[in-house]
$ cat structure29.txt   # compact mmCIF, C-alpha atoms (C1' of nucleotides)
# COMPACT_ATOMS: atom_id res chain seq x y z
CA MET X 1 -2.63 9.38 -4.24
CA THR X 2 -2.01 6.31 -2.30
CA GLY X 3 -2.14 3.14 -4.29
CA ASN X 4 -5.26 1.89 -2.57
CA SER X 5 -8.63 1.95 -4.26
CA ARG X 6 -10.62 3.78 -1.60
CA PHE X 7 -10.96 6.95 -3.60
CA ALA X 8 -11.69 5.23 -6.89
CA VAL X 9 -14.33 2.96 -5.39
CA SER X 10 -15.87 5.85 -3.45
CA LEU X 11 -16.28 7.79 -6.66
CA HIS X 12 -17.89 4.78 -8.24
CA ILE X 13 -20.26 4.52 -5.28
CA LEU X 14 -21.23 8.17 -5.46
CA ALA X 15 -21.60 8.05 -9.21
CA TYR X 16 -23.94 5.13 -8.74
CA LEU X 17 -25.97 6.98 -6.12
CA ALA X 18 -26.20 9.94 -8.46
CA TYR X 19 -27.35 7.57 -11.19
CA ARG X 20 -30.10 6.32 -8.88
CA TYR X 21 -30.80 9.74 -7.43
CA GLY X 22 -33.68 9.82 -5.00
CA ALA X 23 -33.77 6.09 -4.40
CA SER X 24 -32.61 4.28 -1.28
CA VAL X 25 -29.92 1.97 -2.62
CA PRO X 26 -28.73 -1.04 -0.57
CA SER X 27 -25.03 -1.77 -0.37
CA ALA X 28 -25.54 -5.08 -2.17
CA GLU X 29 -26.74 -3.31 -5.29
CA ILE X 30 -23.74 -0.99 -5.31
CA ALA X 31 -21.46 -3.94 -4.64
CA ALA X 32 -22.85 -5.61 -7.75
CA SER X 33 -21.89 -2.59 -9.83
CA VAL X 34 -18.41 -2.35 -8.32
CA ASP X 35 -18.08 -6.16 -8.30
CA THR X 36 -16.95 -6.58 -4.74
CA ASN X 37 -18.27 -7.49 -1.31
CA PRO X 38 -21.06 -5.39 0.24
CA VAL X 39 -19.02 -4.96 3.42
CA VAL X 40 -16.27 -3.25 1.45
CA ILE X 41 -18.87 -0.86 0.13
CA ARG X 42 -20.33 -0.22 3.56
CA ARG X 43 -16.89 0.46 4.98
CA LEU X 44 -16.40 3.28 2.53
CA LEU X 45 -19.99 4.47 2.88
CA SER X 46 -19.40 4.71 6.59
CA ALA X 47 -16.77 7.35 5.93
CA LEU X 48 -18.97 9.11 3.39
CA VAL X 49 -21.85 9.24 5.89
CA LYS X 50 -19.56 10.72 8.53
CA ALA X 51 -18.54 13.36 5.98
CA ARG X 52 -22.25 14.15 5.42
CA LEU X 53 -22.05 13.30 1.74
CA VAL X 54 -24.41 10.34 2.00
CA LYS X 55 -27.43 9.47 4.12
CA ALA X 56 -27.93 5.96 5.48
CA GLN X 57 -31.31 4.42 6.17
CA LYS X 58 -31.26 1.31 8.30
CA GLY X 59 -33.79 -1.48 8.32
CA ALA X 60 -35.98 -3.04 5.66
CA SER X 61 -36.24 -1.10 2.40
CA GLY X 62 -33.37 0.98 3.68
CA GLY X 63 -30.16 1.81 1.91
CA PHE X 64 -28.00 4.77 0.98
CA SER X 65 -28.70 7.99 -0.87
CA LEU X 66 -26.89 11.21 -1.62
CA ALA X 67 -27.22 13.77 1.15
CA THR X 68 -26.96 16.74 -1.21
CA ALA X 69 -27.26 17.59 -4.89
CA PRO X 70 -24.39 16.21 -7.02
CA GLU X 71 -23.59 19.77 -8.11
CA SER X 72 -22.50 20.69 -4.59
CA VAL X 73 -20.10 17.79 -4.08
CA SER X 74 -16.54 18.26 -5.31
CA LEU X 75 -14.18 15.37 -5.80
CA LEU X 76 -11.94 16.98 -3.21
CA ASP X 77 -14.74 16.55 -0.67
CA VAL X 78 -14.77 12.87 -1.51
CA TYR X 79 -11.01 12.60 -1.42
CA ARG X 80 -10.82 14.17 2.01
CA ALA X 81 -13.65 11.99 3.29
CA VAL X 82 -12.18 8.62 2.42
CA GLU X 83 -8.46 9.06 1.99
CA PRO X 84 -6.36 9.01 5.14
CA GLN X 85 -4.02 11.96 5.58
CA PRO X 86 -1.25 11.44 3.04
CA ASP X 87 2.07 10.61 4.64
CA ASN X 88 3.98 11.16 1.46
CA GLY X 89 6.42 8.35 1.93
CA LEU X 90 7.90 9.83 5.08
CA ARG X 91 6.16 7.56 7.56
CA ASN X 92 9.23 5.35 7.89
CA PHE X 93 11.59 8.18 7.05
CA SER X 94 13.86 8.94 9.99
CA PRO X 95 17.18 10.22 8.67
CA ASN X 96 20.30 10.59 10.74
CA HIS X 97 20.01 13.93 12.51
CA LYS X 98 23.71 14.00 13.25
CA CYS X 99 24.25 14.61 9.54
CA PRO X 100 23.67 18.20 8.37
CA VAL X 101 21.61 16.93 5.46
CA GLY X 102 19.68 14.36 7.47
CA ALA X 103 18.90 16.92 10.13
CA LYS X 104 17.07 19.28 7.81
CA ILE X 105 15.87 17.33 4.82
CA GLU X 106 12.69 16.14 6.48
CA SER X 107 11.08 19.53 6.93
CA ILE X 108 12.12 20.54 3.43
CA LEU X 109 10.49 17.47 1.97
CA GLN X 110 7.36 18.08 3.98
CA ALA X 111 7.01 21.53 2.45
CA ILE X 112 7.55 20.12 -1.03
CA PHE X 113 4.98 17.38 -0.59
CA LEU X 114 2.51 19.87 0.80
CA LYS X 115 2.81 21.97 -2.35
CA ALA X 116 2.53 18.95 -4.62
CA GLN X 117 -0.49 17.71 -2.72
CA ALA X 118 -2.10 21.14 -3.00
CA GLY X 119 -1.58 21.09 -6.76
CA MET X 120 -3.37 17.79 -7.00
CA GLU X 121 -6.19 18.78 -4.70
CA ALA X 122 -6.81 21.96 -6.67
CA GLU X 123 -7.63 19.81 -9.69
CA LEU X 124 -9.97 17.63 -7.66
CA ALA X 125 -11.71 20.68 -6.23
CA ASP X 126 -12.46 21.72 -9.79
CA VAL X 127 -14.63 18.72 -10.61
CA THR X 128 -18.08 18.01 -9.18
CA LEU X 129 -19.94 14.77 -8.80
CA ALA X 130 -22.52 16.19 -11.20
CA GLN X 131 -19.86 16.44 -13.89
CA VAL X 132 -18.92 12.82 -13.35
CA HIS X 133 -22.57 11.88 -13.55
CA SER X 134 -23.09 13.77 -16.80
CA GLN X 135 -20.04 12.13 -18.35
CA LEU X 136 -21.59 8.83 -17.43
CA HIS X 137 -24.46 9.69 -19.74
CA SER X 138 -22.58 11.33 -22.54
CA VAL X 139 -20.13 8.53 -22.92
CA CYS X 140 -22.90 5.97 -22.94
CA PRO X 141 -25.67 7.51 -25.06
CA GLY X 142 -29.08 5.93 -25.03
CA LYS X 143 -28.80 4.68 -21.47
CA LYS X 144 -31.17 6.14 -18.90
CA MET Y 1 2.00 9.96 -4.47
CA THR Y 2 2.27 6.38 -3.55
CA GLY Y 3 2.85 5.74 0.10
CA ASN Y 4 6.32 4.31 -0.43
CA SER Y 5 9.45 6.23 0.40
CA ARG Y 6 11.24 5.92 -2.92
CA PHE Y 7 10.74 9.53 -3.89
CA ALA Y 8 11.52 10.93 -0.46
CA VAL Y 9 14.70 8.88 -0.08
CA SER Y 10 15.77 9.70 -3.63
CA LEU Y 11 15.49 13.39 -2.90
CA HIS Y 12 17.53 12.89 0.23
CA ILE Y 13 20.17 11.07 -1.80
CA LEU Y 14 20.34 13.79 -4.43
CA ALA Y 15 20.39 16.52 -1.81
CA TYR Y 16 23.30 14.74 -0.22
CA LEU Y 17 25.15 14.46 -3.52
CA ALA Y 18 24.55 18.16 -4.09
CA TYR Y 19 25.90 18.81 -0.61
CA ARG Y 20 29.05 16.87 -1.53
CA TYR Y 21 29.16 18.22 -5.06
CA GLY Y 22 32.21 17.11 -7.04
CA ALA Y 23 33.07 14.23 -4.74
CA SER Y 24 32.62 10.55 -5.46
CA VAL Y 25 30.35 9.45 -2.65
CA PRO Y 26 30.03 5.75 -1.73
CA SER Y 27 26.58 4.36 -1.03
CA ALA Y 28 27.57 3.58 2.56
CA GLU Y 29 28.10 7.26 3.28
CA ILE Y 30 24.70 8.18 1.88
CA ALA Y 31 23.16 5.29 3.77
CA ALA Y 32 24.56 6.74 6.98
CA SER Y 33 22.80 10.02 6.29
CA VAL Y 34 19.50 8.36 5.41
CA ASP Y 35 19.98 5.80 8.18
CA THR Y 36 19.29 2.71 6.15
CA ASN Y 37 21.08 -0.12 4.35
CA PRO Y 38 23.50 0.73 1.51
CA VAL Y 39 21.72 -1.72 -0.78
CA VAL Y 40 18.50 0.25 -0.41
CA ILE Y 41 20.42 3.33 -1.48
CA ARG Y 42 22.02 1.58 -4.43
CA ARG Y 43 18.67 0.27 -5.60
CA LEU Y 44 17.38 3.81 -5.91
CA LEU Y 45 20.65 5.06 -7.33
CA SER Y 46 20.38 2.40 -9.98
CA ALA Y 47 17.20 4.08 -11.21
CA LEU Y 48 18.77 7.53 -10.95
CA VAL Y 49 21.76 6.40 -12.99
CA LYS Y 50 19.46 5.00 -15.66
CA ALA Y 51 17.70 8.36 -15.76
CA ARG Y 52 21.08 10.05 -16.27
CA LEU Y 53 20.74 12.12 -13.12
CA VAL Y 54 23.69 10.46 -11.39
CA LYS Y 55 26.99 8.98 -12.46
CA ALA Y 56 28.33 5.78 -10.90
CA GLN Y 57 32.00 4.96 -10.55
CA LYS Y 58 32.81 1.34 -9.80
CA GLY Y 59 35.88 0.02 -8.02
CA ALA Y 60 38.02 1.30 -5.19
CA SER Y 61 37.57 4.99 -4.33
CA GLY Y 62 34.50 4.92 -6.52
CA GLY Y 63 31.02 6.10 -5.65
CA PHE Y 64 28.25 8.29 -6.96
CA SER Y 65 28.08 11.89 -8.09
CA LEU Y 66 25.56 14.18 -9.74
CA ALA Y 67 25.63 13.91 -13.51
CA THR Y 68 24.54 17.50 -14.04
CA ALA Y 69 24.33 20.80 -12.17
CA PRO Y 70 21.62 20.85 -9.47
CA GLU Y 71 20.02 23.82 -11.24
CA SER Y 72 19.09 21.65 -14.21
CA VAL Y 73 17.38 18.88 -12.24
CA SER Y 74 13.71 19.34 -11.42
CA LEU Y 75 11.95 17.31 -8.79
CA LEU Y 76 9.69 16.02 -11.52
CA ASP Y 77 12.74 14.49 -13.19
CA VAL Y 78 13.45 12.68 -9.94
CA TYR Y 79 9.85 11.66 -9.47
CA ARG Y 80 9.66 10.17 -12.95
CA ALA Y 81 12.98 8.38 -12.48
CA VAL Y 82 12.16 6.49 -9.32
CA GLU Y 83 8.40 6.34 -9.02
CA PRO Y 84 6.65 3.59 -10.94
CA GLN Y 85 3.79 4.73 -13.15
CA PRO Y 86 0.97 5.65 -10.82
CA ASP Y 87 -1.95 3.26 -11.01
CA ASN Y 88 -4.22 5.55 -9.05
CA GLY Y 89 -5.98 2.84 -7.13
CA LEU Y 90 -7.43 1.22 -10.22
CA ARG Y 91 -5.06 -1.69 -10.42
CA ASN Y 92 -7.55 -4.01 -8.75
CA PHE Y 93 -10.51 -2.05 -10.02
CA SER Y 94 -12.62 -4.13 -12.37
CA PRO Y 95 -16.24 -3.03 -12.11
CA ASN Y 96 -19.17 -4.92 -13.49
CA HIS Y 97 -19.41 -3.96 -17.15
CA LYS Y 98 -22.98 -5.20 -17.37
CA CYS Y 99 -23.97 -2.22 -15.23
CA PRO Y 100 -24.25 1.09 -17.08
CA VAL Y 101 -22.24 2.78 -14.37
CA GLY Y 102 -19.63 0.06 -14.06
CA ALA Y 103 -19.18 -0.03 -17.81
CA LYS Y 104 -18.09 3.58 -18.10
CA ILE Y 105 -16.79 4.73 -14.74
CA GLU Y 106 -13.29 3.37 -15.31
CA SER Y 107 -12.38 5.61 -18.23
CA ILE Y 108 -13.92 8.59 -16.47
CA LEU Y 109 -11.82 7.97 -13.39
CA GLN Y 110 -8.72 7.55 -15.50
CA ALA Y 111 -9.23 11.01 -16.99
CA ILE Y 112 -9.77 12.51 -13.54
CA PHE Y 113 -6.68 10.90 -12.09
CA LEU Y 114 -4.65 12.05 -15.06
CA LYS Y 115 -5.63 15.64 -14.41
CA ALA Y 116 -4.97 15.37 -10.69
CA GLN Y 117 -1.60 13.78 -11.37
CA ALA Y 118 -0.74 16.58 -13.80
CA GLY Y 119 -1.59 19.16 -11.16
CA MET Y 120 0.81 17.54 -8.74
CA GLU Y 121 3.57 17.10 -11.30
CA ALA Y 122 3.34 20.74 -12.31
CA GLU Y 123 4.31 21.70 -8.77
CA LEU Y 124 7.21 19.27 -8.79
CA ALA Y 125 8.41 20.58 -12.12
CA ASP Y 126 8.61 24.00 -10.53
CA VAL Y 127 11.26 23.09 -7.98
CA THR Y 128 14.89 22.30 -8.74
CA LEU Y 129 17.42 20.29 -6.82
CA ALA Y 130 19.43 23.48 -6.44
CA GLN Y 131 16.54 25.05 -4.55
CA VAL Y 132 16.41 22.09 -2.20
CA HIS Y 133 20.14 22.38 -1.70
CA SER Y 134 19.95 26.07 -0.90
CA GLN Y 135 17.17 25.49 1.62
CA LEU Y 136 19.44 22.97 3.26
CA HIS Y 137 21.84 25.81 3.95
CA SER Y 138 19.38 28.53 4.84
CA VAL Y 139 17.46 26.42 7.30
CA CYS Y 140 20.66 25.37 9.03
CA PRO Y 141 22.77 28.55 9.20
CA GLY Y 142 26.42 28.23 10.10
CA LYS Y 143 26.75 24.80 8.59
CA LYS Y 144 29.00 24.45 5.55
C1' DC O 1 -46.20 -8.47 16.92
C1' DT O 2 -42.72 -10.74 14.35
C1' DC O 3 -40.40 -11.51 10.22
C1' DT O 4 -37.42 -9.91 7.00
C1' DT O 5 -34.23 -6.81 5.16
C1' DA O 6 -30.97 -3.78 5.77
C1' DT O 7 -26.88 -1.21 8.09
C1' DG O 8 -22.77 -1.23 11.59
C1' DT O 9 -18.78 -3.24 12.98
C1' DA O 10 -15.48 -6.41 14.62
C1' DA O 11 -12.54 -10.20 13.54
C1' DC O 12 -9.87 -12.93 10.59
C1' DC O 13 -7.36 -14.33 6.37
C1' DA O 14 -4.75 -14.27 1.93
C1' DT O 15 -2.27 -11.44 -1.04
C1' DT O 16 0.86 -8.05 -2.06
C1' DA O 17 4.21 -4.28 -1.53
C1' DT O 18 7.91 -2.56 0.84
C1' DG O 19 12.20 -2.20 2.86
C1' DG O 20 15.99 -4.53 5.18
C1' DT O 21 19.58 -8.03 4.87
C1' DT O 22 22.94 -11.34 3.20
C1' DG O 23 25.72 -13.11 -0.26
C1' DC O 24 28.31 -13.24 -4.28
C1' DC O 25 30.12 -11.45 -8.69
C1' DT O 26 32.42 -7.76 -11.14
C1' DT O 27 35.19 -3.64 -11.60
C1' DA O 28 38.98 -0.68 -11.03
C1' DA O 29 42.15 2.03 -8.22
C1' DA O 30 46.06 1.67 -5.02
C1' DT M 1 47.29 -8.53 -6.46
C1' DT M 2 44.80 -6.80 -2.91
C1' DT M 3 41.08 -4.07 -1.57
C1' DA M 4 37.21 -1.11 -1.85
C1' DA M 5 33.58 -0.15 -4.27
C1' DG M 6 28.95 -1.00 -7.22
C1' DG M 7 25.42 -4.56 -9.42
C1' DC M 8 22.19 -7.71 -8.55
C1' DA M 9 19.62 -11.66 -7.14
C1' DA M 10 17.41 -13.93 -3.36
C1' DC M 11 15.15 -14.08 0.84
C1' DC M 12 12.62 -12.48 5.01
C1' DA M 13 9.69 -9.73 8.22
C1' DT M 14 6.34 -6.36 8.42
C1' DA M 15 2.41 -3.76 7.16
C1' DA M 16 -1.46 -2.46 4.28
C1' DT M 17 -5.21 -3.83 1.63
C1' DG M 18 -9.29 -5.95 0.35
C1' DG M 19 -12.29 -9.95 0.78
C1' DT M 20 -15.07 -12.75 3.86
C1' DT M 21 -17.74 -14.38 7.75
C1' DA M 22 -20.30 -13.48 11.64
C1' DC M 23 -23.32 -11.19 14.48
C1' DA M 24 -25.76 -7.27 16.69
C1' DT M 25 -29.04 -3.63 15.82
C1' DA M 26 -32.58 -1.10 13.53
C1' DA M 27 -36.84 -0.45 11.17
C1' DG M 28 -40.34 -1.15 7.66
C1' DA M 29 -43.68 -4.95 5.76
C1' DG M 30 -47.13 -7.96 6.60

$ encode --input "structure29.txt" --output "structure tokens"
Amino acid sequence: MTGNSRFAVSLHILAYLAYRYGASVPSAEIAASVDTNPVVIRRLLSALVKARLVKAQKGASGGFSLATAPESVSLLDVYRAVEPQPDNGLRNFSPNHKCPVGAKIESILQAIFLKAQAGMEAELADVTLAQVHSQLHSVCPGKK
Amino acid sequence: MTGNSRFAVSLHILAYLAYRYGASVPSAEIAASVDTNPVVIRRLLSALVKARLVKAQKGASGGFSLATAPESVSLLDVYRAVEPQPDNGLRNFSPNHKCPVGAKIESILQAIFLKAQAGMEAELADVTLAQVHSQLHSVCPGKK
DNA sequence: CTCTTATGTAACCATTATGGTTGCCTTAAA
DNA sequence: TTTAAGGCAACCATAATGGTTACATAAGAG
């Protein structure tokens, strides 16, 4: 992962939309739950709408709602929607190609990071938004 | 992963030390291969020495060398040595605990990130420094 | 119709992380 | 005792991130 909070906040957003399933939820309401600015929420929702995970309704009494059932959304879908392609620390990595090691290390590292990334993404693919939603209930019994 | 280049550069360093196995390699030589400042290299080597992956020799004709055989060093060892504990985007994540979702989402996300992290680390644990070193040769045939 | 509420997006700012650099102290071989 | 190395602190420039304001647009409420 990347050190930013895009993925974490996006999951919070989607968990909230699952919690209010069926309703049209304005960004301000989500922002209150996340405790941040509505524009931050809308920025992420913009990516989620483009990924067809969320529907946006403009105008009065508008807001956001899940585009599909929580069961059909994996966390990997969310990750891919909001997280920029992971440059695994080799953005500013330009070794000396005149050195035998420097010449070849970059492609080797790329392959390694690809495998590591795949291992992580496999775990995310294994969890659905519905599972997150149900944990929300089980951990907090008595709440609607 | 984290977006910084600590892990990538550290692997380059260790691959270089494997390439020059047995020799005492000064940080300036490694820096030439990575194409950066020797202090940057020494900063990372400081962590690698603390993790007992590398030995440092001070004074004239000193330098750095691998502390153990490349076969016994996994990339996970390196990752743990140089990468700070991954706060998976929840460092500045303080949701509104008065909201049923905000109150519980944090611990749920922590569990998810832990699993995802474990999936990635399992892949890193599967690769040794010796394998990286051998790829260095195979990819670049004819080089010593 | 027109008001009000909402999204969409651009622009800007403060904070922080990162890596590069200099400088100086210490260590140990030559 | 001179010289070549690491150890480490301090500082700076750059970039990313998230928060904020502002404003244009869209669409339901009345």

$ interface_residues --input "structure29.txt" --of "chain M" --to "chain X" --cutoff "10 Å" --atoms "only C-alpha atoms (C1' of nucleotides)" --output "list in words"
DA16, DT17, DG18, DG19, DT20, DT25, DA26, DA27, DG28 and DA29 of chain M

$ atom_distance --input "structure29.txt" --atom1 "CA of Glu106 (chain X)" --atom2 "CA of Met120 (chain Y)"
19.4 Å

$ residues_around --input "structure29.txt" --residues "region 17-20 of chain Y" --least-positions-apart "3" --cutoff "9 Å" --atoms "only C-alpha atoms (C1' of nucleotides)" --output "list of chain:residue names"
X:Val101, Y:His12, Y:Ile13, Y:Leu14, Y:Ala23, Y:Ser24, Y:Val25, Y:Ile30, Y:Val54, Y:Phe64, Y:Ser65, Y:Leu66, Y:Ala69, Y:Pro70, Y:Leu129, Y:Ala130, Y:His133, Y:Leu136, Y:Lys144

$ closest_atom_pairs --input "structure29.txt" --of "chain Y" --to "chain X" --cutoff "6 Å" --atoms "all atoms listed in the file" --output "JSON lines"
{"residue": "Y:Met1", "atom": "CA", "partner": "X:Met1", "partner_atom": "CA", "distance": 4.7}
{"residue": "Y:Thr2", "atom": "CA", "partner": "X:Thr2", "partner_atom": "CA", "distance": 4.5}
{"residue": "Y:Gly3", "atom": "CA", "partner": "X:Gly89", "partner_atom": "CA", "distance": 4.8}
{"residue": "Y:Asn4", "atom": "CA", "partner": "X:Gly89", "partner_atom": "CA", "distance": 4.7}
{"residue": "Y:Ser5", "atom": "CA", "partner": "X:Gly89", "partner_atom": "CA", "distance": 4.0}
{"residue": "Y:Ser33", "atom": "CA", "partner": "X:Asn96", "partner_atom": "CA", "distance": 5.1}
{"residue": "Y:Val34", "atom": "CA", "partner": "X:Pro95", "partner_atom": "CA", "distance": 4.4}
{"residue": "Y:Asp35", "atom": "CA", "partner": "X:Pro95", "partner_atom": "CA", "distance": 5.3}
{"residue": "Y:Asn88", "atom": "CA", "partner": "X:Gly3", "partner_atom": "CA", "distance": 5.7}
{"residue": "Y:Gly89", "atom": "CA", "partner": "X:Ser5", "partner_atom": "CA", "distance": 4.0}
{"residue": "Y:Pro95", "atom": "CA", "partner": "X:Val34", "partner_atom": "CA", "distance": 4.4}
{"residue": "Y:Asn96", "atom": "CA", "partner": "X:Ser33", "partner_atom": "CA", "distance": 5.1}
{"residue": "Y:Cys99", "atom": "CA", "partner": "X:Ser33", "partner_atom": "CA", "distance": 5.8}
{"residue": "Y:Gly102", "atom": "CA", "partner": "X:Ser33", "partner_atom": "CA", "distance": 5.5}
{"residue": "Y:Ala116", "atom": "CA", "partner": "X:Met120", "partner_atom": "CA", "distance": 4.7}
{"residue": "Y:Gly119", "atom": "CA", "partner": "X:Met120", "partner_atom": "CA", "distance": 4.7}
{"residue": "Y:Met120", "atom": "CA", "partner": "X:Met120", "partner_atom": "CA", "distance": 4.5}
{"residue": "Y:Glu123", "atom": "CA", "partner": "X:Ala116", "partner_atom": "CA", "distance": 5.3}

$ atom_distance --input "structure29.txt" --atom1 "C1' of DT26 (chain O)" --atom2 "C1' of DG7 (chain M)"
7.9 Å

$ interface_residues --input "structure29.txt" --of "chain O" --to "chain X" --cutoff "6 Å" --atoms "all atoms listed in the file" --output "JSON, numbers by chain"
{"O": [5, 6, 7]}

$ write_last_selection --input "structure29.txt" --atoms "C-alpha atoms (C1' of nucleotides)" --output "PDB file, in the frame of the given file"
ATOM      1  C1'  DT O   5     -34.230  -6.810   5.160  1.00  0.00           C
ATOM      2  C1'  DA O   6     -30.970  -3.780   5.770  1.00  0.00           C
ATOM      3  C1'  DT O   7     -26.880  -1.210   8.090  1.00  0.00           C
TER       4       DT O   7
END

$ closest_residue --input "structure29.txt" --among "Y:Ser10, Y:Ile41, Y:Ala47, Y:Ser72" --to "DG19 (chain O)" --atoms "all atoms listed in the file"
Y:Ile41

$ atom_distance --input "structure29.txt" --atom1 "CA of Asp77 (chain Y)" --atom2 "CA of Lys50 (chain Y)"
11.9 Å
